[in-house]
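Visitor: Provided herewith: entry-v8.tsv, TSV, C-alpha atoms and all ligand atoms.
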```tsv
chain	number	residue	atom	x	y	z
Q	5	MET	CA	126.10	211.48	165.72
Q	6	LYS	CA	129.03	211.72	163.31
Q	7	GLY	CA	128.09	212.40	159.73
Q	8	LEU	CA	124.53	213.40	160.59
Q	9	VAL	CA	123.55	216.40	158.51
Q	10	ILE	CA	121.32	218.84	160.38
Q	11	ASP	CA	120.15	221.90	158.51
Q	12	MET	CA	118.36	225.06	159.50
Q	13	GLU	CA	114.98	223.37	159.35
Q	14	ASP	CA	115.86	221.09	162.23
Q	15	CYS	CA	118.07	223.21	164.47
Q	16	ILE	CA	116.90	226.17	166.55
Q	17	PHE	CA	120.42	227.63	166.87
Q	18	CYS	CA	120.89	227.46	163.07
Q	19	LYS	CA	117.68	229.48	162.80
Q	20	ILE	CA	118.83	231.99	165.43
Q	21	ALA	CA	122.35	232.26	163.95
Q	22	GLY	CA	120.78	232.75	160.50
Q	23	GLY	CA	118.42	235.47	161.78
Q	24	ILE	CA	115.26	233.46	161.04
Q	25	ILE	CA	114.31	233.39	164.73
Q	26	PRO	CA	114.86	236.70	166.54
Q	27	SER	CA	117.21	236.97	169.51
Q	28	ALA	CA	118.82	239.61	171.70
Q	29	SER	CA	122.05	239.81	169.73
Q	30	VAL	CA	125.28	241.16	171.22
Q	31	TYR	CA	127.74	240.40	168.41
Q	32	GLU	CA	127.84	239.12	164.84
Q	33	ASP	CA	130.53	238.48	162.24
Q	34	ASP	CA	130.85	236.21	159.19
Q	35	ASP	CA	131.28	233.08	161.31
Q	36	PHE	CA	129.47	233.70	164.61
Q	37	LYS	CA	126.44	235.21	166.23
Q	38	ALA	CA	126.40	235.84	170.00
Q	39	ILE	CA	123.06	236.21	171.78
Q	40	LEU	CA	121.65	236.43	175.27
Q	41	ASP	CA	120.58	233.10	176.76
Q	42	ILE	CA	116.79	233.07	177.12
Q	43	ALA	CA	117.02	231.50	180.62
Q	44	PRO	CA	120.22	233.02	181.99
Q	45	ALA	CA	122.27	231.79	184.94
Q	46	ALA	CA	122.95	235.52	185.50
Q	47	LYS	CA	121.62	238.55	183.60
Q	48	GLY	CA	123.85	239.18	180.59
Q	49	HIS	CA	124.62	235.44	180.10
Q	50	VAL	CA	125.77	235.15	176.46
Q	51	LEU	CA	125.77	232.19	174.06
Q	52	ILE	CA	128.26	232.19	171.17
Q	53	LEU	CA	126.91	230.29	168.17
Q	54	PRO	CA	128.93	229.40	165.07
Q	55	LYS	CA	126.86	230.02	161.93
Q	56	LYS	CA	128.02	226.72	160.45
Q	57	HIS	CA	126.20	223.87	162.18
Q	58	CYS	CA	128.17	221.33	164.16
Q	59	ALA	CA	126.90	219.34	167.11
Q	60	ASP	CA	129.59	219.76	169.72
Q	61	LEU	CA	133.24	220.24	170.65
Q	62	ILE	CA	134.17	216.91	169.10
Q	63	GLU	CA	132.68	217.72	165.70
Q	64	ILE	CA	133.69	221.36	165.44
Q	65	ASP	CA	135.64	222.52	162.38
Q	66	PRO	CA	139.20	223.40	163.56
Q	67	ASP	CA	139.06	226.75	161.80
Q	68	VAL	CA	135.83	227.69	163.62
Q	69	ALA	CA	137.25	226.36	166.90
Q	70	SER	CA	140.33	228.55	166.63
Q	71	LYS	CA	138.26	231.67	165.98
Q	72	ALA	CA	135.73	230.95	168.75
Q	73	LEU	CA	138.08	231.81	171.61
Q	74	PHE	CA	138.94	235.20	170.10
Q	75	VAL	CA	135.22	236.00	169.94
Q	76	ALA	CA	134.75	234.76	173.51
Q	77	SER	CA	137.59	236.95	174.76
Q	78	LYS	CA	136.16	240.04	173.06
Q	79	ILE	CA	132.67	239.49	174.45
Q	80	ALA	CA	133.91	238.59	177.94
Q	81	ALA	CA	135.78	241.90	178.08
Q	82	ALA	CA	132.62	243.73	177.01
Q	83	GLN	CA	130.52	241.90	179.64
Q	84	LYS	CA	132.99	242.85	182.38
Q	85	LYS	CA	132.94	246.48	181.31
Q	86	ALA	CA	129.24	246.86	180.48
Q	87	LEU	CA	127.87	244.89	183.43
Q	88	LYS	CA	130.66	245.66	185.92
Q	89	ALA	CA	131.17	241.92	186.32
Q	90	ASP	CA	134.04	240.75	188.53
Q	91	GLY	CA	134.60	237.60	186.50
Q	92	ILE	CA	133.25	235.44	183.67
Q	93	ASN	CA	132.65	231.70	183.41
Q	94	LEU	CA	133.30	230.19	179.97
Q	95	LEU	CA	131.32	226.95	179.74
Q	96	GLN	CA	130.83	224.46	176.92
Q	97	ASN	CA	128.65	221.37	177.34
Q	98	SER	CA	129.30	218.55	174.87
Q	99	GLY	CA	126.92	215.60	175.03
Q	100	GLU	CA	123.76	214.92	176.98
Q	101	ALA	CA	125.72	213.50	179.91
Q	102	ALA	CA	127.56	216.81	180.17
Q	103	GLY	CA	124.32	218.81	180.26
Q	104	GLN	CA	124.04	219.73	176.59
Q	105	THR	CA	120.42	220.32	175.59
Q	106	ILE	CA	120.83	222.01	172.18
Q	107	PHE	CA	122.99	220.03	169.82
Q	108	HIS	CA	124.46	222.93	167.89
Q	109	PHE	CA	127.88	223.82	169.37
Q	110	HIS	CA	127.78	226.87	171.63
Q	111	MET	CA	129.82	228.45	174.37
Q	112	HIS	CA	128.30	230.08	177.44
Q	113	LEU	CA	129.77	233.28	178.90
Q	114	ILE	CA	128.31	233.90	182.35
Q	115	PRO	CA	128.99	237.14	184.23
Q	116	ARG	CA	130.08	236.57	187.85
Q	117	TYR	CA	130.21	238.84	190.88
Q	118	GLU	CA	132.08	238.54	194.18
Q	119	ASN	CA	129.92	236.53	196.59
Q	120	ASP	CA	127.14	235.93	194.04
Q	121	ASN	CA	126.82	232.36	195.39
Q	122	LEU	CA	125.95	231.11	191.93
Q	123	THR	CA	126.08	227.38	191.23
Q	124	ILE	CA	126.39	226.32	187.60
Q	125	PRO	CA	124.29	224.58	186.51
Q	126	GLY	CA	121.73	226.00	188.88
Q	127	GLU	CA	118.61	228.08	188.92
Q	128	ASN	CA	117.72	230.01	185.78
Q	129	LEU	CA	116.52	233.60	185.70
Q	130	SER	CA	114.19	235.29	183.23
Q	131	TYR	CA	114.09	238.77	181.70
Q	132	ALA	CA	111.21	241.21	182.06
Q	133	GLU	CA	109.72	242.67	178.86
Q	134	GLY	CA	112.43	244.68	177.05
Q	135	GLU	CA	115.10	243.89	179.65
Q	136	ALA	CA	117.06	241.41	177.50
Q	137	GLU	CA	117.38	244.01	174.74
Q	138	GLU	CA	118.67	246.54	177.31
Q	139	TYR	CA	121.34	244.10	178.48
Q	140	ALA	CA	122.26	243.23	174.89
Q	141	ALA	CA	122.58	246.92	173.97
Q	142	LYS	CA	124.84	247.56	176.99
Q	143	ILE	CA	127.16	244.70	176.02
Q	144	ARG	CA	127.16	245.71	172.31
Q	145	SER	CA	128.18	249.24	173.26
Q	146	CYS	CA	131.38	247.91	174.88
Q	147	ILE	CA	132.54	245.65	172.03
Q	201	LIG	P1	123.21	223.71	176.77
Q	201	LIG	O1	122.50	223.12	177.95
Q	201	LIG	O2	122.91	222.96	175.49
Q	201	LIG	O3	124.69	223.90	177.01
Q	201	LIG	O4	122.65	225.17	176.64
Q	201	LIG	C1	121.51	225.52	175.90
Q	201	LIG	C2	121.13	226.90	176.34
Q	201	LIG	O5	120.31	227.46	175.36
Q	201	LIG	C3	120.37	226.94	177.66
Q	201	LIG	O6	121.08	227.73	178.60
Q	201	LIG	C4	119.02	227.55	177.27
Q	201	LIG	O7	118.52	228.44	178.25
Q	201	LIG	C5	119.33	228.27	175.98
Q	201	LIG	N1	118.22	228.34	175.05
Q	201	LIG	C6	117.36	227.35	174.72
Q	201	LIG	N2	116.48	227.75	173.78
Q	201	LIG	C7	116.79	229.05	173.52
Q	201	LIG	C8	116.23	230.01	172.63
Q	201	LIG	O8	115.27	229.77	171.89
Q	201	LIG	N3	116.81	231.24	172.62
Q	201	LIG	C9	117.88	231.55	173.42
Q	201	LIG	N4	118.36	232.80	173.34
Q	201	LIG	N5	118.43	230.66	174.27
Q	201	LIG	C10	117.90	229.42	174.31
Q	202	ZN	ZN	122.45	224.11	164.01
```
Represent the structure of the file as structure tokens.
Guide:
Amino acid sequence: MKGLVIDMEDCIFCKIAGGIIPSASVYEDDDFKAILDIAPAAKGHVLILPKKHCADLIEIDPDVASKALFVASKIAAAQKKALKADGINLLQNSGEAAGQTIFHFHMHLIPRYENDNLTIPGENLSYAEGEAEEYAAKIRSCI
């Protein structure tokens, strides 16, 4: 909804980007935080969150939008190296009809492997205790 002001009290990704809710973080700078998705399409699935709230691709600040792809490129390279991925899907859902469930803009980076037979959207995986932090540390070490 254009003009709707959502602050950290209402938005889970504002709280994660602001460090109020913990996450398995792979990258952070002044404008973005990148974390592991809690229900990944593949292990090492990353979400890139701008720190400044906006709902979707239509509402994003042009300055944030232009920086987001640089961050995505950097993290995708680290995922390929750290996880020996063969490819990466970059996905952005804008609007409920497009599959968006959290209305704070984010980009998905999903590691892909030859013949992984993954369908997106599809089944979600989960991490065992401590496993997400191991994946996050591996990716961080390659950025
Ligand atoms: P969307 O469907 O809006 O494009 O993607 C939202 C994503 O956020 C989903 O893939 C979902 O698994 C992930 N997600 C939802 N809640 C949380 C959370 O509390 N922490 C993390 N790390 N990911 C979340
Ligand atoms: Zn938000």
Visitor: Find the residues around Q:Ala102 up to 12 Å (only C-alpha atoms counted), leave out those fewer than 6 positions away in its own chain, and share them as a ChimeraX atom specification.
Guide: /Q:60-61,95-96,125
Visitor: Using all atoms listed in the file, find each protein or nucleic acid residue lying at most 10 Å from ligand ZN 202 (chain Q); present the set as a PDB file with C-alpha atoms, in the coordinates of the input.
Guide:
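Contents of selection08.pdb, as written:
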```pdb
ATOM      1  CA  VAL Q   9     123.550 216.400 158.510  1.00  0.00           C
ATOM      2  CA  ILE Q  10     121.320 218.840 160.380  1.00  0.00           C
ATOM      3  CA  ASP Q  11     120.150 221.900 158.510  1.00  0.00           C
ATOM      4  CA  MET Q  12     118.360 225.060 159.500  1.00  0.00           C
ATOM      5  CA  GLU Q  13     114.980 223.370 159.350  1.00  0.00           C
ATOM      6  CA  ASP Q  14     115.860 221.090 162.230  1.00  0.00           C
ATOM      7  CA  CYS Q  15     118.070 223.210 164.470  1.00  0.00           C
ATOM      8  CA  ILE Q  16     116.900 226.170 166.550  1.00  0.00           C
ATOM      9  CA  PHE Q  17     120.420 227.630 166.870  1.00  0.00           C
ATOM     10  CA  CYS Q  18     120.890 227.460 163.070  1.00  0.00           C
ATOM     11  CA  LYS Q  19     117.680 229.480 162.800  1.00  0.00           C
ATOM     12  CA  ILE Q  20     118.830 231.990 165.430  1.00  0.00           C
ATOM     13  CA  ALA Q  21     122.350 232.260 163.950  1.00  0.00           C
ATOM     14  CA  GLY Q  22     120.780 232.750 160.500  1.00  0.00           C
ATOM     15  CA  LEU Q  53     126.910 230.290 168.170  1.00  0.00           C
ATOM     16  CA  PRO Q  54     128.930 229.400 165.070  1.00  0.00           C
ATOM     17  CA  LYS Q  55     126.860 230.020 161.930  1.00  0.00           C
ATOM     18  CA  LYS Q  56     128.020 226.720 160.450  1.00  0.00           C
ATOM     19  CA  HIS Q  57     126.200 223.870 162.180  1.00  0.00           C
ATOM     20  CA  CYS Q  58     128.170 221.330 164.160  1.00  0.00           C
ATOM     21  CA  ALA Q  59     126.900 219.340 167.110  1.00  0.00           C
ATOM     22  CA  ILE Q 106     120.830 222.010 172.180  1.00  0.00           C
ATOM     23  CA  PHE Q 107     122.990 220.030 169.820  1.00  0.00           C
ATOM     24  CA  HIS Q 108     124.460 222.930 167.890  1.00  0.00           C
ATOM     25  CA  PHE Q 109     127.880 223.820 169.370  1.00  0.00           C
ATOM     26  CA  HIS Q 110     127.780 226.870 171.630  1.00  0.00           C
TER      27      HIS Q 110
END
```
Visitor: Can you work out which one of Q:Glu127, Q:Gly134, Q:Ala38, Q:Lys142 has the shortest atom-to-atom distance to Q:Ala76, counting all atoms listed in the file?
Guide: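 Between Q:Glu127, Q:Gly134, Q:Ala38, Q:Lys142, the residue approaching Q:Ala76 most closely is Q:Ala38.
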Visitor: Neighbourhood query: residues within 9 Å of (124.2, 239.7, 184.7), file coordinates, counting all atoms listed in the file; return as a ChimeraX atom specification.
Guide: /Q:44-49,83,87-89,114-117,139
Visitor: Quick one, how far is atom CA of Q:Asn97 from atom CA of Q:Leu73?
Guide: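 About the pair atom CA of Q:Asn97 and atom CA of Q:Leu73: they are 15.2 Å apart.
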Visitor: Measure the distance from atom CA of Q:Ala101 to atom CA of Q:Gly126 in Å and round it to one decimal.
Guide: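 Separating atom CA of Q:Ala101 from atom CA of Q:Gly126 is a distance of 15.9 Å.
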Visitor: To one decimal place, how far is atom CA of Q:Ile124 from atom CA of Q:Asp33 in Å?
Guide: 28.4 Å
Visitor: Point out the residue among Q:Ala82, Q:Leu113, Q:Ile92, Q:Ile62 with the least atom-to-atom distance to ligand LIG 201 (chain Q), counting all atoms listed in the file.
Guide: Q:Leu113
Visitor: May I have the centre and edge lengths, in Å to one decimal, of an axis-aligned box around the listed atoms of ligand LIG 201 (chain Q) with 8 Å added to every side, as JSON?
Guide:
```
{"center_x": 120.0, "center_y": 227.9, "center_z": 175.2, "size_x": 25.4, "size_y": 25.8, "size_z": 22.7}
```
Visitor: Nearest to ligand LIG 201 (chain Q) among Q:Asp120, Q:Asp34, Q:Asp41, Q:Asp90, with distances taken over all atoms listed in the file: which residue is it?
Guide: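 Answer, going by the shortest atom-to-atom distance: Q:Asp41.
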Visitor: Hey, which of Q:Ile52, Q:Ala81, Q:Leu122, Q:Ala132 ends up closest to Q:Val68? Count only C-alpha atoms.
Guide: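 Between Q:Ile52, Q:Ala81, Q:Leu122, Q:Ala132, the residue approaching Q:Val68 most closely is Q:Ile52.
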Visitor: Smallest atom-to-atom distance to ligand LIG 201 (chain Q): which of Q:Ile143, Q:Ile79, Q:Phe36, Q:Val50, using all atoms listed in the file?
Guide: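 Closest candidate: Q:Val50.
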Visitor: I need the residue nearest Q:Pro26 from this list: Q:Leu129, Q:Gln104, Q:Pro66, Q:Ile42. Use all atoms listed in the file for the distance.
Guide: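 Closest candidate: Q:Ile42.
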